[in-house]
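A.B. asks: Have a look at this one.
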Amino acid sequence: AQTVTQSQPEMSVQEAETVTLSCTYDTSESDYYLFWYKQPPSRQMILVIRQEAYKQQNATENRFSVNFQKAAKSFSLKISDSQLGDAAMYFCAYIQGAQKLVFGQGTRLTINP
Amino acid sequence: DTGVSQDPRHKITKRGQNVTFRCDPISEHNRLYWYRQTLGQGPEFLTYFQNEAQLEKSRLLSDRFSAERPKGSFSTLEIQRTEQGDSAMYLCASSSRDTALHEQYFGPGTRLTVT
């Protein structure tokens, strides 16, 4: 079974600084997708960034980028120029086919002004 | 596009009572998912519909849980004889088969408290 592990329960960063959230996963599949979702306090989950496993190029969305290491099964999220609005729970997730998302345990990100 | 909506947003019930939640997906999304999220944890998959067909159910979905999507549009999740362990946030998500990237859009969730 596929598993997703986020080893950092909590992270904090100074506003305007850069922070990296870690994620590892386990799968025997070669074709899959990886996501980072953001869940602000008492608000719904929204997609931050996605990565197709067949693409070697790391995905980038404005201040958010990933470091995808397929052989190592690692998928970290880098947030540049952190803003107060980035404070949230961040979940790494895996999907293979049109099936269920498998989520990690989450990392709570705090932004210090 | 009004997004995924869920009703109610909060539900407090006594142990042993039945509860039903509703999810309205994004229009024309043919796939609908239910997840359960306990405090401080990531969401866990419960069940998945493609149109009106329920294609997969998690082992988390005991026989007290039932989900339907009768016309391939909205879905309901019913919990019978609720237990305190059922207290959680129940999330609904939808996606379209036309989206090759398999992105799922989430609703705001229904927070269930069983007293």
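By order in the structure tokens, chains are A, B, ...; within a chain, residues start at 1; ligands start at 1, following the order shown.
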Could you work out which residues of chain A fall inside 12 Å of chain B? Count only C-alpha atoms, and format the result as a PyMOL selection string.
C.D. replies: chain A and resi 3-6+9-10+31-54+88-108
A.B. asks: DSSP on the backbone: what in stretch 23-66 of chain A comes out strand (DSSP E), as an mmCIF file with N, CA and C atoms, in the first residue's frame?
C.D. replies:
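So the final result, stored in result08.cif, reads:
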```
data_model
loop_
_atom_site.group_PDB
_atom_site.id
_atom_site.type_symbol
_atom_site.label_atom_id
_atom_site.label_comp_id
_atom_site.auth_asym_id
_atom_site.auth_seq_id
_atom_site.Cartn_x
_atom_site.Cartn_y
_atom_site.Cartn_z
ATOM 1 N N THR A 24 8.138 12.283 2.207
ATOM 2 C CA THR A 24 8.588 11.082 1.518
ATOM 3 C C THR A 24 7.379 10.180 1.314
ATOM 4 N N TYR A 25 7.482 9.320 0.329
ATOM 5 C CA TYR A 25 6.350 8.443 0.021
ATOM 6 C C TYR A 25 6.879 7.080 -0.392
ATOM 7 N N ASP A 26 6.000 6.126 -0.375
ATOM 8 C CA ASP A 26 6.383 4.777 -0.744
ATOM 9 C C ASP A 26 5.364 4.248 -1.745
ATOM 10 N N TYR A 33 0.861 10.935 -9.285
ATOM 11 C CA TYR A 33 0.898 12.376 -9.102
ATOM 12 C C TYR A 33 1.117 12.667 -7.620
ATOM 13 N N LEU A 34 1.775 13.771 -7.386
ATOM 14 C CA LEU A 34 2.005 14.238 -6.021
ATOM 15 C C LEU A 34 1.484 15.656 -5.881
ATOM 16 N N PHE A 35 0.972 15.956 -4.710
ATOM 17 C CA PHE A 35 0.371 17.262 -4.461
ATOM 18 C C PHE A 35 0.809 17.794 -3.105
ATOM 19 N N TRP A 36 0.803 19.102 -2.998
ATOM 20 C CA TRP A 36 0.819 19.767 -1.699
ATOM 21 C C TRP A 36 -0.481 20.541 -1.577
ATOM 22 N N TYR A 37 -1.196 20.275 -0.470
ATOM 23 C CA TYR A 37 -2.423 20.979 -0.150
ATOM 24 C C TYR A 37 -2.186 21.842 1.077
ATOM 25 N N LYS A 38 -2.882 22.956 1.108
ATOM 26 C CA LYS A 38 -2.823 23.887 2.236
ATOM 27 C C LYS A 38 -4.189 23.940 2.900
ATOM 28 N N GLN A 39 -4.208 23.843 4.220
ATOM 29 C CA GLN A 39 -5.469 23.921 4.970
ATOM 30 C C GLN A 39 -5.327 24.990 6.051
ATOM 31 N N ILE A 46 -7.021 23.646 0.005
ATOM 32 C CA ILE A 46 -6.814 24.108 -1.350
ATOM 33 C C ILE A 46 -5.493 23.573 -1.879
ATOM 34 N N LEU A 47 -5.458 23.362 -3.178
ATOM 35 C CA LEU A 47 -4.258 22.842 -3.813
ATOM 36 C C LEU A 47 -3.218 23.940 -3.967
ATOM 37 N N VAL A 48 -1.994 23.631 -3.580
ATOM 38 C CA VAL A 48 -0.895 24.583 -3.705
ATOM 39 C C VAL A 48 -0.098 24.311 -4.982
ATOM 40 N N ILE A 49 0.252 23.041 -5.178
ATOM 41 C CA ILE A 49 1.118 22.708 -6.301
ATOM 42 C C ILE A 49 1.008 21.219 -6.596
ATOM 43 N N ARG A 50 1.224 20.830 -7.837
ATOM 44 C CA ARG A 50 1.140 19.430 -8.250
ATOM 45 C C ARG A 50 2.376 19.050 -9.059
ATOM 46 N N GLN A 51 2.680 17.750 -9.053
ATOM 47 C CA GLN A 51 3.834 17.246 -9.795
ATOM 48 C C GLN A 51 3.463 15.907 -10.424
ATOM 49 N N GLU A 52 3.663 15.789 -11.711
ATOM 50 C CA GLU A 52 3.462 14.504 -12.379
ATOM 51 C C GLU A 52 4.763 13.718 -12.289
ATOM 52 N N THR A 60 6.663 24.600 -10.327
ATOM 53 C CA THR A 60 6.777 25.907 -9.674
ATOM 54 C C THR A 60 5.469 26.657 -9.852
ATOM 55 N N GLU A 61 5.006 27.275 -8.760
ATOM 56 C CA GLU A 61 3.815 28.128 -8.791
ATOM 57 C C GLU A 61 4.121 29.362 -7.961
ATOM 58 N N PHE A 64 5.951 29.196 -4.646
ATOM 59 C CA PHE A 64 5.991 27.800 -4.222
ATOM 60 C C PHE A 64 6.706 26.951 -5.277
ATOM 61 N N SER A 65 7.610 26.122 -4.835
ATOM 62 C CA SER A 65 8.283 25.206 -5.742
ATOM 63 C C SER A 65 8.529 23.886 -5.026
ATOM 64 N N VAL A 66 8.752 22.848 -5.815
ATOM 65 C CA VAL A 66 9.008 21.544 -5.222
ATOM 66 C C VAL A 66 10.372 21.038 -5.654
#
```
A.B. asks: As an exercise, work out the distance from atom CA of B:Gln54 to atom CA of B:Arg69 in Å and give it to one decimal place.
C.D. replies: 7.9 Å
A.B. asks: Excluding same-chain residues fewer than 5 positions from B:Asn18, what lies within 12 Å of it counting only C-alpha atoms, as a ChimeraX atom specification?
C.D. replies: /B:11-13,64-66,77-83,86,112,114
A.B. asks: If you measure from atom CA of A:Asp81 to atom CA of A:Gln14, what distance in Å do you get, rounded to one decimal?
C.D. replies: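 If I compute the distance from atom CA of A:Asp81 to atom CA of A:Gln14, I get 9.2 Å.
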A.B. asks: Env of B:Phe21: 9 Å cut, atoms = only C-alpha atoms, seq-sep filter 5 positions within chain, self excluded. Answer as an NGL selection string.
C.D. replies: :B and (6-8 or 75-79 or 90 or 110)
A.B. asks: With distances taken over only C-alpha atoms, which of A:Ser12, A:Thr27, A:Ser7, A:Ser22 is nearest to A:Lys78?
C.D. replies: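 The closest residue to A:Lys78 is A:Ser22.
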A.B. asks: Report, in Å with one decimal, the straight-line distance from atom CA of A:Val13 to atom CA of A:Leu109.
C.D. replies: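 Going from atom CA of A:Val13 over to atom CA of A:Leu109 covers 7.8 Å.
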